[in-house]
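Working notes, beginning with the structure itself.
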Amino acid sequence: MSTASSGFKLSEWLFTTDHKRIGVLYLIGSVAAFAVAGIMALLIRLEQMSPGPTIVSDAYVGGDQYNVWLYFHGAAMILGFLIPGLTGFAANYLLPLMIGAKDVAFPRINALSVWLFWAGIVVALLTFVVPDKPDVMWTGYPPYSIKTGGNLALYVFTVHLIGFSSILASVNFLVTITYMRAPGIGWFQLNMFTWSCFTAFIIQLVFVPVLAAAVTLLLLDRYLGTHFYDPANGGDVLLYQNLFWFYSHPAVYVIFLPAMGIFYEIYATMAKNPIFNYKAAVYGMCGIVLISGEVWVHHLYYSGMPDWLRIGQMVTTLLISVPVGLMTISLFGTLYRGAITFNTPMYYGTAALYLLIIGGLTGIPLAITVLSVHLGETSFTHAHFHFIMGIFATFSVFAAVDFWFPKIAGRMLNEKQARLGFWFNFIGVNVTFWPLFIIGVQGMPRRYWDYSQFPPHFADYHKVATIGAFIVAIGMVLTISNWIISAIKGQRATDNPWGSRSLEWTHTATPPGPGNFPKDVVVEAGWTPYDYK
Amino acid sequence: MRKKSMKRVVSVMAMLGVGLPILWAHAGAQGAVPDPAASWNHLWHEVLVDLFVIGGVFLAAGLFWVYKYRATRPGQIGTAPKLTALAAIGFAVIPAFLFMADDFYLAAKGWTVWNEYRNVPRNALEVKVTGMMWNWTFEYDNGVVTTFDPDSKTGDGLVVPVGRAVVLRMTSTDVVHSFFLPEYRVKEDLMPGRVTYLWFQPKAAGETLATCAEFCGNRHSFMWTKVKAVPAAEFDTWMAGMKRQGA
Amino acid sequence: MIKSAVGHEQAHHWETSVAPMLVVAGVLFLVVFGFIGWFSYHSALMAIVSAGIGVPLLLAGIAKWTGEGLTHKPLVEGLSPMALSIFIVSEIFIFLSLFAAYWTMRLSAGADWPPVGTPKEFNLVLPLIMTVILVTSSLTYHVAEVKLEQNNLSGFRGWVFISILLGLLFLGCTVYEYQHLMHQKFTPSTNAYSTAFYSITGFHASHVLIGLGVFLAVLLAAMRGLTNKYLAFCAGLYWHFVDIVWFFVATQIYYW
Ligand code: HEA
Ligand code: HEA
Ligand code: CUA
Ligand SMILES: [Cu+2]
């Protein structure tokens, strides 16, 4: 009897403590956040299509309207979509299966995490109903965030709820991976995805509390009248920015690492090859954990930090290219002499080659202090992080859903529609974000809804970008609706449609039932998840 | 035997990786009249070339392999060679040192130009800039104050003489702003309770703009000002006129 | 086809628990909506209604959770001490961030410390007494654990009870001190020192409160004859952590 036919009981989903169902709950929440934040992106793009008011009411309230869209877009994409999509959905669904465990170490804490995340989404969505809509951007810099009429508390509580959810998840998974691997699975036999999550969770555990503290102090300053960020009373404006980026730079690796992990899995499976130089990549991930906490000043190059810090952290930031480069070599090398099957996950995988290089390498000029002094805070930065995060990492979530869809839903996706969606997405993002690189170098600042003071040709680039965004929108609708329709009436999947060697495909049913594995998993000596010989 | 030679290779690579780029970057760093914007452009082009080379190599390899190693029959498996321990270390250590070499090279180059950005020429004209929601004021050393109104486009904004470095001492009365001069390739934040600085070298007469680059609320996009570079003589008459008006 | 796990004796049904959702709903109403009602919209009604909904939900959730925790057998036993230790790493970073904020303000103030508005004679004896109280409570809890190991359940209950009393006494001192200081017009918004003082001691006190809540859960369960050595051990571990943090709070805030 497969679980798909055992009937749907709402209470079994809402109160579930099963990691697979919790994973799906994460997926639903994060895709919802993505859709709303994506619609905000479309509004942003429409507004920027021409200088002066385009869709905002007029020049005086225009800023208020636009800033709320942008606040929600940034905060929801990062906190509501990518982090929960990767370390929530993908990690939850896959890690216990990949290490041959029946569930995570603390199933009820896991359920607590997912509902805390959902509560965070609810609080974020309140943005659209309260009269004093928050407009503090996802960075929430004081003193603006303290002075604004917007509701700062919504921002802070969104961060608190989702942050606490992440901390609990980190504890849960670090313990699970360390203590619940099936007999025979050693550290260097783990899936790359498992390693990537392990390292990402270490980062979360250490750095999320710093963010939590930073925003808590905002709350105290705003509502209890303390003076942490108030220079007139002995506080320090830059303190917030330092605490915030001390978290938020490492946070990009919380996104980047699992995204890479997903592509490693897809590459190995589709090329039927072991990971090229596995250990180098694993040490690369550990290297990222070590360096990630010493580079935050690269977001403050033009913020009046002491010169020695700006120079010192330029060096550490550039050095990140060493571990990332090793991971990249492993990723690309996995293709070498492979036997590559092309399906939608591998389409995304191929696009990832290019996105990783463009998005990653454009971080390099931003990392050079003096270049950043011009390029930072312009749409060059936008294009950089949309390529690496808004596309590379976002595509990793789509690729993951497409790749593990048969396992999760027990049914196959409509491959044609998935591919069509891919092409719209891929072409659309290029049309959207390349123009932003160009006008960024020419000085287009961030968070501007009106740019009449700049040369008129900026408007042309913005128009192209807007068209691109709508191409992406078509692709997203195709992709997401495909998941929903195929989950209901797709063709039934076999246990291991891609011929993978990883435990979640070889040792359990599709979809897996309660308790995951029919028999306790024990692997033979020398087993690896990439053994295609 | 093998271990020893490995060690030697590594140490030579390390020396080259750290030493050469720094030497290279420092050679020919000395110019006559400092012009940060020109140095910026130069560095930017160099970095672009660097990135095109790295990106090109990786992309070419990746895309070529994707194309070349397509499966030709169902059930086919990959034939990747198993790495020997030495090869595995080599594939980690050699690229790591190459990347590091490039990083240190870029860092040294960036550092050199950065020094230019932070060393204000001695004869620089000093202007106090105050940012507030959502406007700028400029106070010259003789007490003359100017502003600019982006709505009506009236006011002089920042007026500077060609050929003399200008240093801005900046602070804010309310929230964080950032004074961004795209033409001069420089920006720096303004904060309440602190004074920050930046300097630039107006080389040719003409009108450019400065605009706020740190989010500061409703009218953030409107917080800009004209920056007018005028010949020195014209600057003096303008200044005299302003003084007469008692501005 | 691989047969699904149905029929396998370990798990033949989907595990569920309502506790997590109750707790989250409770937190959402009590903390988030309560706070926003009171502080953002200055509506006592909204705050009270939210708290009225949140508190019962939260309590029900916690009660259900501890009940289940003491009766269900986990997949792998004995992982909670390790998990709590990892969680404490996280906590350390929160406290470090608060201290970093304090140090930044303190060091940039230079000679102007303590800033104007700080009462001339700060009571330095009280924190000493509080230290003694907290250390004693750590010791008494340790005794409780020893009793538990000897399977002396009534001894365990007694010593846990004493530890709770000491914890309450500590909080009482805090309340007394706060009242006293507020009376001297030393409030959170007075100056940089008061900002740090109330935030850090308050944050620590909230940890004491949570620790007491855990002790209470342990005690209530023990009254019903239920104990779990891992739960008891974790409660103690957390308490010792809170105790150690106090040393830093006291030395940095009062005696530096
Ligand atoms: C997933 C998210 C993600 C990732 C992985 C990265 C990765 C990197 N980022 Fe990015 N970044 C963001 C998300 C991300 N970033 C976001 C969201 C912002 C804006 C935040 C805001 O202000 O709102 C931002 C902003 C940002 C800034 C600040 C710009 C500003 O002030 O406006 C800087 C500056 O240094 C920077 C640098 C880098 C660098 C050096 C990397 C490196 O990790 C990249 C490393 C990768 C490579 C280098 C390519 C692969 C390697 C090789 C092919 C080997 C050979 C290469 C060399 C030797 C160079 N990023
Ligand atoms: C994961 C991160 C992520 C992702 C995926 C995106 C995706 C997109 N972003 Fe995002 N963006 C950020 C993270 C991200 N962004 C961040 C952090 C900022 C900075 C915020 C700040 O400054 O504070 C930013 C800022 C930002 C700006 C800058 C505005 C400004 O500074 O003034 C712009 C402008 O073009 C933009 C555009 C877009 C577009 C067009 C997309 C598109 O790719 C979006 C495509 C998605 C859709 C169009 C949704 C489609 C879905 C549906 C229509 C629903 C379908 C539903 C069913 C079928 C059920 N973004
Ligand atoms: Cu001032 Cu933006
Ligand atoms: Cu960063």
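Going by the structure tokens order, chains are called A, B, ..., each with residues numbered from 1, while ligands are numbered from 1 in the order shown.
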
#### Entry: Spatial neighbours of Phe15 of chain A, max dist 7 Å, only C-alpha atoms, sep filter under 4 positions, as a ChimeraX atom specification
/A:11 /C:16-18

### Message
Let me see if you get this right: every residue at most 7 Å from ligand 2, counting only C-alpha atoms and all ligand atoms, written as a ChimeraX atom specification.
### Response
/A:34-39,41-42,44-45,70-71,73-75,77-78,81-82,137-139,379,382,386,389-391,394,429,432,446-449,465-466,469-470,472-473,476-478,480-481

Go ahead and save the picked residues with N, CA and C atoms, as a CSV table (one decimal), in the first residue's frame.
```csv
chain,number,residue,atom,x,y,z
A,34,PHE,N,7.3,33.3,-2.0
A,34,PHE,CA,7.9,33.7,-3.3
A,34,PHE,C,6.9,34.3,-4.2
A,35,ALA,N,5.7,33.7,-4.3
A,35,ALA,CA,4.7,34.3,-5.2
A,35,ALA,C,4.4,35.7,-4.8
A,36,VAL,N,4.1,36.0,-3.5
A,36,VAL,CA,3.7,37.3,-3.2
A,36,VAL,C,4.9,38.3,-3.4
A,37,ALA,N,6.1,37.8,-3.0
A,37,ALA,CA,7.3,38.7,-3.2
A,37,ALA,C,7.6,38.9,-4.7
A,38,GLY,N,7.3,37.9,-5.5
A,38,GLY,CA,7.4,38.0,-6.9
A,38,GLY,C,6.5,39.0,-7.5
A,39,ILE,N,5.3,39.0,-7.0
A,39,ILE,CA,4.3,40.0,-7.5
A,39,ILE,C,4.8,41.4,-7.1
A,41,ALA,N,7.8,42.2,-6.9
A,41,ALA,CA,8.9,42.5,-7.9
A,41,ALA,C,8.3,43.0,-9.2
A,42,LEU,N,7.2,42.5,-9.6
A,42,LEU,CA,6.5,43.0,-10.8
A,42,LEU,C,6.1,44.4,-10.7
A,44,ILE,N,7.4,46.6,-8.7
A,44,ILE,CA,8.7,47.4,-8.7
A,44,ILE,C,9.1,47.6,-10.1
A,45,ARG,N,9.1,46.6,-10.9
A,45,ARG,CA,9.6,46.7,-12.3
A,45,ARG,C,8.7,47.6,-13.0
A,70,LEU,N,9.1,47.2,-1.9
A,70,LEU,CA,10.5,46.7,-1.9
A,70,LEU,C,10.9,46.1,-0.6
A,71,TYR,N,10.4,46.6,0.5
A,71,TYR,CA,10.6,46.0,1.8
A,71,TYR,C,10.1,44.6,1.8
A,73,HIS,N,9.4,42.7,-0.8
A,73,HIS,CA,10.2,41.8,-1.8
A,73,HIS,C,11.5,41.3,-1.2
A,74,GLY,N,12.3,42.2,-0.7
A,74,GLY,CA,13.6,41.8,-0.1
A,74,GLY,C,13.4,40.8,1.1
A,75,ALA,N,12.7,41.3,2.0
A,75,ALA,CA,12.5,40.5,3.3
A,75,ALA,C,11.9,39.1,3.0
A,77,MET,N,11.7,37.4,0.1
A,77,MET,CA,12.5,36.6,-0.8
A,77,MET,C,13.6,35.9,0.0
A,78,ILE,N,14.3,36.6,0.9
A,78,ILE,CA,15.4,36.0,1.6
A,78,ILE,C,14.9,35.2,2.8
A,81,PHE,N,11.4,32.9,1.6
A,81,PHE,CA,11.5,32.0,0.5
A,81,PHE,C,12.8,31.2,0.5
A,82,LEU,N,13.9,31.8,0.3
A,82,LEU,CA,15.1,31.0,0.1
A,82,LEU,C,15.6,30.3,1.3
A,137,MET,N,13.0,48.4,4.5
A,137,MET,CA,13.8,47.6,3.7
A,137,MET,C,14.3,46.3,4.5
A,138,TRP,N,14.8,45.4,3.8
A,138,TRP,CA,15.1,44.1,4.5
A,138,TRP,C,16.3,44.4,5.4
A,139,THR,N,17.0,45.5,5.2
A,139,THR,CA,18.2,45.7,6.1
A,139,THR,C,17.8,46.5,7.3
A,379,SER,N,22.6,49.5,-8.9
A,379,SER,CA,22.0,48.3,-9.4
A,379,SER,C,23.0,47.3,-9.9
A,382,HIS,N,22.6,44.9,-7.3
A,382,HIS,CA,21.3,44.2,-7.6
A,382,HIS,C,21.6,43.0,-8.5
A,386,HIS,N,21.1,39.2,-7.6
A,386,HIS,CA,20.0,38.5,-8.2
A,386,HIS,C,20.6,37.3,-9.0
A,389,MET,N,21.8,34.8,-6.1
A,389,MET,CA,20.8,34.4,-5.2
A,389,MET,C,19.5,34.3,-5.8
A,390,GLY,N,19.1,35.4,-6.4
A,390,GLY,CA,17.7,35.5,-7.0
A,390,GLY,C,17.6,34.5,-8.2
A,391,ILE,N,18.7,34.1,-8.8
A,391,ILE,CA,18.5,33.1,-9.9
A,391,ILE,C,19.3,31.8,-9.6
A,394,THR,N,17.8,30.4,-6.4
A,394,THR,CA,16.3,30.2,-6.6
A,394,THR,C,16.1,29.0,-7.6
A,429,VAL,N,15.3,36.0,-16.9
A,429,VAL,CA,16.2,36.6,-15.9
A,429,VAL,C,17.4,37.3,-16.6
A,432,THR,N,16.1,40.5,-17.7
A,432,THR,CA,15.9,41.4,-16.5
A,432,THR,C,17.2,42.0,-16.0
A,446,ARG,N,20.4,52.2,-5.9
A,446,ARG,CA,19.3,51.3,-5.4
A,446,ARG,C,18.2,52.0,-4.8
A,447,ARG,N,17.1,51.3,-4.7
A,447,ARG,CA,15.9,51.8,-4.0
A,447,ARG,C,15.4,53.2,-4.4
A,448,TYR,N,15.5,53.4,-5.8
A,448,TYR,CA,15.0,54.6,-6.4
A,448,TYR,C,13.8,54.2,-7.2
A,449,TRP,N,12.7,54.8,-7.0
A,449,TRP,CA,11.6,54.6,-7.9
A,449,TRP,C,11.5,55.6,-9.0
A,465,ALA,N,14.4,45.6,-18.7
A,465,ALA,CA,14.3,44.8,-17.5
A,465,ALA,C,12.9,44.5,-17.1
A,466,THR,N,12.0,45.4,-17.3
A,466,THR,CA,10.6,45.2,-17.0
A,466,THR,C,10.0,44.0,-17.9
A,469,ALA,N,11.1,40.8,-16.6
A,469,ALA,CA,10.5,40.3,-15.4
A,469,ALA,C,9.1,39.6,-15.7
A,470,PHE,N,8.5,40.1,-16.8
A,470,PHE,CA,7.2,39.5,-17.1
A,470,PHE,C,7.4,38.2,-17.8
A,472,VAL,N,9.8,36.2,-16.9
A,472,VAL,CA,10.0,35.3,-15.8
A,472,VAL,C,8.7,34.9,-15.2
A,473,ALA,N,7.8,35.9,-15.1
A,473,ALA,CA,6.5,35.6,-14.4
A,473,ALA,C,5.8,34.5,-15.2
A,476,MET,N,7.4,31.3,-14.2
A,476,MET,CA,7.1,30.9,-12.8
A,476,MET,C,5.7,30.3,-12.8
A,477,VAL,N,4.8,30.9,-13.5
A,477,VAL,CA,3.4,30.4,-13.4
A,477,VAL,C,3.4,29.0,-14.1
A,478,LEU,N,4.1,28.8,-15.2
A,478,LEU,CA,4.2,27.5,-15.8
A,478,LEU,C,4.8,26.5,-14.8
A,480,ILE,N,5.2,26.6,-11.4
A,480,ILE,CA,4.5,26.3,-10.1
A,480,ILE,C,3.2,25.5,-10.4
A,481,SER,N,2.5,26.0,-11.5
A,481,SER,CA,1.2,25.3,-11.8
A,481,SER,C,1.5,23.8,-12.2
```

### Query
Using only C-alpha atoms and all ligand atoms, what are the residues with an atom within 9 Å of ligand 3, set out as an MDAnalysis selection string?
(chainID A and resid 447:448) or (chainID B and resid 131:136 175:179 190 211:224)

Got time to write the residues from that selection, N, CA, C and O atoms, as an mmCIF file, in the first residue's frame?
```
data_model
loop_
_atom_site.group_PDB
_atom_site.id
_atom_site.type_symbol
_atom_site.label_atom_id
_atom_site.label_comp_id
_atom_site.auth_asym_id
_atom_site.auth_seq_id
_atom_site.Cartn_x
_atom_site.Cartn_y
_atom_site.Cartn_z
ATOM 1 N N ARG A 447 17.060 51.346 -4.722
ATOM 2 C CA ARG A 447 15.911 51.812 -3.950
ATOM 3 C C ARG A 447 15.401 53.164 -4.442
ATOM 4 O O ARG A 447 14.940 53.981 -3.654
ATOM 5 N N TYR A 448 15.522 53.360 -5.759
ATOM 6 C CA TYR A 448 15.016 54.587 -6.384
ATOM 7 C C TYR A 448 13.811 54.209 -7.222
ATOM 8 O O TYR A 448 13.924 53.356 -8.097
ATOM 9 N N GLY B 131 23.676 66.434 5.361
ATOM 10 C CA GLY B 131 22.544 65.771 4.732
ATOM 11 C C GLY B 131 21.383 65.741 5.690
ATOM 12 O O GLY B 131 21.570 65.620 6.901
ATOM 13 N N MET B 132 20.184 65.940 5.146
ATOM 14 C CA MET B 132 18.997 65.825 5.992
ATOM 15 C C MET B 132 17.876 65.321 5.123
ATOM 16 O O MET B 132 17.978 65.368 3.900
ATOM 17 N N MET B 133 16.816 64.817 5.735
ATOM 18 C CA MET B 133 15.698 64.318 4.943
ATOM 19 C C MET B 133 15.001 65.503 4.325
ATOM 20 O O MET B 133 14.346 66.238 5.041
ATOM 21 N N TRP B 134 15.023 65.795 3.052
ATOM 22 C CA TRP B 134 15.743 65.121 1.999
ATOM 23 C C TRP B 134 16.443 66.169 1.186
ATOM 24 O O TRP B 134 15.991 66.562 0.121
ATOM 25 N N ASN B 135 17.537 66.667 1.726
ATOM 26 C CA ASN B 135 18.252 67.750 1.075
ATOM 27 C C ASN B 135 19.704 67.782 1.517
ATOM 28 O O ASN B 135 20.073 67.142 2.486
ATOM 29 N N TRP B 136 20.512 68.536 0.779
ATOM 30 C CA TRP B 136 21.908 68.717 1.163
ATOM 31 C C TRP B 136 22.188 70.204 1.336
ATOM 32 O O TRP B 136 21.633 71.015 0.597
ATOM 33 N N VAL B 175 19.007 60.839 9.605
ATOM 34 C CA VAL B 175 19.239 59.411 9.378
ATOM 35 C C VAL B 175 20.495 59.251 8.522
ATOM 36 O O VAL B 175 21.170 60.225 8.219
ATOM 37 N N VAL B 176 20.777 58.017 8.133
ATOM 38 C CA VAL B 176 21.961 57.781 7.315
ATOM 39 C C VAL B 176 21.653 58.150 5.865
ATOM 40 O O VAL B 176 20.638 57.748 5.306
ATOM 41 N N HIS B 177 22.509 58.933 5.266
ATOM 42 C CA HIS B 177 22.447 59.226 3.836
ATOM 43 C C HIS B 177 23.787 58.849 3.240
ATOM 44 O O HIS B 177 24.720 58.488 3.961
ATOM 45 N N SER B 178 23.888 58.939 1.929
ATOM 46 C CA SER B 178 25.180 58.674 1.328
ATOM 47 C C SER B 178 25.372 59.623 0.167
ATOM 48 O O SER B 178 24.483 59.794 -0.664
ATOM 49 N N PHE B 179 26.533 60.276 0.141
ATOM 50 C CA PHE B 179 26.806 61.254 -0.907
ATOM 51 C C PHE B 179 27.501 60.536 -2.047
ATOM 52 O O PHE B 179 28.643 60.094 -1.914
ATOM 53 N N LEU B 190 26.826 59.470 5.237
ATOM 54 C CA LEU B 190 26.763 60.551 6.224
ATOM 55 C C LEU B 190 25.940 60.030 7.386
ATOM 56 O O LEU B 190 24.868 59.465 7.167
ATOM 57 N N THR B 211 23.964 62.266 -5.696
ATOM 58 C CA THR B 211 22.641 61.769 -5.331
ATOM 59 C C THR B 211 22.755 60.875 -4.111
ATOM 60 O O THR B 211 23.817 60.323 -3.832
ATOM 61 N N CYS B 212 21.667 60.737 -3.368
ATOM 62 C CA CYS B 212 21.726 59.996 -2.111
ATOM 63 C C CYS B 212 21.679 58.504 -2.384
ATOM 64 O O CYS B 212 20.817 58.022 -3.094
ATOM 65 N N ALA B 213 22.610 57.774 -1.812
ATOM 66 C CA ALA B 213 22.700 56.348 -2.108
ATOM 67 C C ALA B 213 22.463 55.466 -0.892
ATOM 68 O O ALA B 213 22.774 54.290 -0.906
ATOM 69 N N GLU B 214 21.924 56.032 0.172
ATOM 70 C CA GLU B 214 21.578 55.183 1.306
ATOM 71 C C GLU B 214 20.118 55.447 1.611
ATOM 72 O O GLU B 214 19.706 56.603 1.739
ATOM 73 N N PHE B 215 19.340 54.360 1.699
ATOM 74 C CA PHE B 215 17.897 54.520 1.807
ATOM 75 C C PHE B 215 17.515 55.411 2.984
ATOM 76 O O PHE B 215 17.959 55.191 4.107
ATOM 77 N N CYS B 216 16.693 56.444 2.700
ATOM 78 C CA CYS B 216 16.362 57.383 3.766
ATOM 79 C C CYS B 216 14.894 57.784 3.738
ATOM 80 O O CYS B 216 14.534 58.844 4.219
ATOM 81 N N GLY B 217 14.044 56.933 3.112
ATOM 82 C CA GLY B 217 12.618 57.201 3.250
ATOM 83 C C GLY B 217 11.959 57.687 1.985
ATOM 84 O O GLY B 217 12.486 57.539 0.876
ATOM 85 N N ASN B 218 10.799 58.272 2.181
ATOM 86 C CA ASN B 218 9.916 58.656 1.080
ATOM 87 C C ASN B 218 10.641 59.306 -0.088
ATOM 88 O O ASN B 218 10.524 58.876 -1.221
ATOM 89 N N ARG B 219 11.399 60.350 0.163
ATOM 90 C CA ARG B 219 11.955 61.088 -0.963
ATOM 91 C C ARG B 219 13.435 60.779 -1.209
ATOM 92 O O ARG B 219 14.174 61.603 -1.742
ATOM 93 N N HIS B 220 13.816 59.587 -0.882
ATOM 94 C CA HIS B 220 15.194 59.140 -1.118
ATOM 95 C C HIS B 220 15.602 59.358 -2.580
ATOM 96 O O HIS B 220 16.685 59.877 -2.860
ATOM 97 N N SER B 221 14.714 59.031 -3.513
ATOM 98 C CA SER B 221 15.119 59.189 -4.927
ATOM 99 C C SER B 221 15.247 60.644 -5.354
ATOM 100 O O SER B 221 15.802 60.920 -6.401
ATOM 101 N N PHE B 222 14.695 61.544 -4.556
ATOM 102 C CA PHE B 222 14.733 62.955 -4.955
ATOM 103 C C PHE B 222 15.867 63.710 -4.286
ATOM 104 O O PHE B 222 16.006 64.904 -4.460
ATOM 105 N N MET B 223 16.634 63.007 -3.478
ATOM 106 C CA MET B 223 17.647 63.695 -2.695
ATOM 107 C C MET B 223 18.923 63.831 -3.522
ATOM 108 O O MET B 223 19.915 63.169 -3.293
ATOM 109 N N TRP B 224 18.890 64.737 -4.509
ATOM 110 C CA TRP B 224 20.077 64.903 -5.348
ATOM 111 C C TRP B 224 20.400 66.369 -5.488
ATOM 112 O O TRP B 224 19.619 67.240 -5.086
#
```

Against ligand 4, which residues of chain A fall within 8 Å? For each one I want the closest pair of atoms and the distance in Å (one decimal), counting only C-alpha atoms and all ligand atoms, rows by chain and increasing residue number, as CSV.
```
residue,atom,partner,partner_atom_place_in_ligand_line,distance
A:Trp245,CA,ligand 4,1 (Cu),7.3
A:Ser248,CA,ligand 4,1 (Cu),6.9
A:His249,CA,ligand 4,1 (Cu),4.0
A:Pro250,CA,ligand 4,1 (Cu),7.2
A:Val252,CA,ligand 4,1 (Cu),6.9
A:Val295,CA,ligand 4,1 (Cu),7.0
A:Trp296,CA,ligand 4,1 (Cu),5.9
A:His298,CA,ligand 4,1 (Cu),6.3
A:His299,CA,ligand 4,1 (Cu),6.0
```

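For the atom pair formed by atom CA of Leu134 of chain C and atom CA of Ile210 of chain C, the distance is 14.4 Å, given to one decimal.
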
### Message
At a cut-off of 7 Å around ligand 1, and using only C-alpha atoms and all ligand atoms, what residues come up? Please write them as a count of residues only.
### Response
46

### Task
Apply DSSP to the backbone of this structure and, from segment 8-229 of chain C, keep only the residues in helix (DSSP H, G or I); write these as a ChimeraX atom specification.
/C:19-40,44-71,80-109,125-149,153-183,192-223,229

### Query
Which chain A residues are at most 6 Å from chain C (counting only C-alpha atoms), as a list in words?
Phe15, Thr16, Thr17, Ala111, Leu112, Leu116, Val171, Leu205, Val206, Pro209, Val210, Ala213, Gly225, Thr226, His227, Gly234, Gly235, Ala509, Gly513, Pro514, Gly515, Phe517 and Pro518 of chain A

Emit the selected residues as a short mmCIF file (atom, residue, chain, number, x, y, z; two decimals), in the first residue's frame, including N, CA, C and O atoms.
```
data_model
loop_
_atom_site.label_atom_id
_atom_site.label_comp_id
_atom_site.auth_asym_id
_atom_site.auth_seq_id
_atom_site.Cartn_x
_atom_site.Cartn_y
_atom_site.Cartn_z
N PHE A 15 -0.80 18.57 12.12
CA PHE A 15 -0.14 18.25 13.39
C PHE A 15 1.02 17.29 13.19
O PHE A 15 1.54 16.72 14.12
N THR A 16 1.43 17.13 11.96
CA THR A 16 2.44 16.12 11.68
C THR A 16 3.76 16.44 12.36
O THR A 16 4.10 17.60 12.58
N THR A 17 4.47 15.39 12.73
CA THR A 17 5.84 15.59 13.19
C THR A 17 6.79 14.83 12.28
O THR A 17 7.96 14.66 12.60
N ALA A 111 8.50 20.26 14.14
CA ALA A 111 7.17 20.83 13.86
C ALA A 111 7.09 22.25 14.40
O ALA A 111 6.51 23.14 13.76
N LEU A 112 7.70 22.47 15.56
CA LEU A 112 7.72 23.82 16.11
C LEU A 112 8.41 24.77 15.13
O LEU A 112 7.93 25.88 14.87
N LEU A 116 6.73 28.05 13.47
CA LEU A 116 7.31 29.37 13.73
C LEU A 116 7.55 30.09 12.41
O LEU A 116 7.30 31.29 12.26
N VAL A 171 19.92 23.24 15.40
CA VAL A 171 20.23 22.32 16.49
C VAL A 171 19.76 20.92 16.12
O VAL A 171 20.49 19.92 16.23
N LEU A 205 23.49 28.61 13.20
CA LEU A 205 23.49 28.51 14.65
C LEU A 205 24.26 29.66 15.29
O LEU A 205 23.87 30.22 16.30
N VAL A 206 25.36 30.02 14.67
CA VAL A 206 26.24 31.01 15.28
C VAL A 206 25.80 32.44 14.94
O VAL A 206 25.89 33.34 15.77
N PRO A 209 21.65 34.35 15.94
CA PRO A 209 21.45 35.07 17.20
C PRO A 209 21.93 36.52 17.15
O PRO A 209 21.35 37.38 17.81
N VAL A 210 22.96 36.76 16.36
CA VAL A 210 23.47 38.14 16.28
C VAL A 210 22.43 39.03 15.61
O VAL A 210 22.17 40.15 16.04
N ALA A 213 19.67 39.66 18.04
CA ALA A 213 20.03 40.71 19.00
C ALA A 213 19.94 42.08 18.34
O ALA A 213 19.37 43.02 18.91
N GLY A 225 12.48 53.35 24.28
CA GLY A 225 13.27 54.56 24.46
C GLY A 225 14.71 54.35 24.86
O GLY A 225 15.34 55.27 25.38
N THR A 226 15.28 53.18 24.63
CA THR A 226 16.71 53.03 24.91
C THR A 226 17.51 53.72 23.81
O THR A 226 16.95 54.24 22.84
N HIS A 227 18.83 53.73 23.96
CA HIS A 227 19.65 54.56 23.06
C HIS A 227 20.77 53.81 22.35
O HIS A 227 21.81 54.40 22.08
N GLY A 234 24.86 58.75 23.32
CA GLY A 234 25.92 57.76 23.61
C GLY A 234 25.80 56.47 22.83
O GLY A 234 26.60 55.56 23.02
N GLY A 235 24.81 56.37 21.95
CA GLY A 235 24.69 55.15 21.14
C GLY A 235 25.55 55.24 19.90
O GLY A 235 26.35 56.16 19.74
N ALA A 509 10.48 3.42 -0.42
CA ALA A 509 9.39 3.47 -1.38
C ALA A 509 9.25 4.87 -1.96
O ALA A 509 9.80 5.83 -1.45
N GLY A 513 6.87 6.03 3.19
CA GLY A 513 5.80 6.05 4.19
C GLY A 513 6.34 6.53 5.52
O GLY A 513 7.46 6.99 5.63
N PRO A 514 5.51 6.41 6.56
CA PRO A 514 5.96 6.77 7.90
C PRO A 514 7.16 5.90 8.27
O PRO A 514 7.19 4.72 7.94
N GLY A 515 8.12 6.49 8.96
CA GLY A 515 9.28 5.70 9.34
C GLY A 515 10.27 5.50 8.22
O GLY A 515 11.31 4.86 8.42
N PHE A 517 11.95 3.86 6.04
CA PHE A 517 12.54 2.70 5.39
C PHE A 517 11.83 1.43 5.83
O PHE A 517 11.53 1.27 7.01
N PRO A 518 11.60 0.52 4.91
CA PRO A 518 10.96 -0.74 5.28
C PRO A 518 11.81 -1.54 6.26
O PRO A 518 11.28 -2.19 7.15
#
```

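Distance-wise, atom CA of Ala214 of chain A and atom CA of Ser172 of chain B end up 22.3 Å apart.
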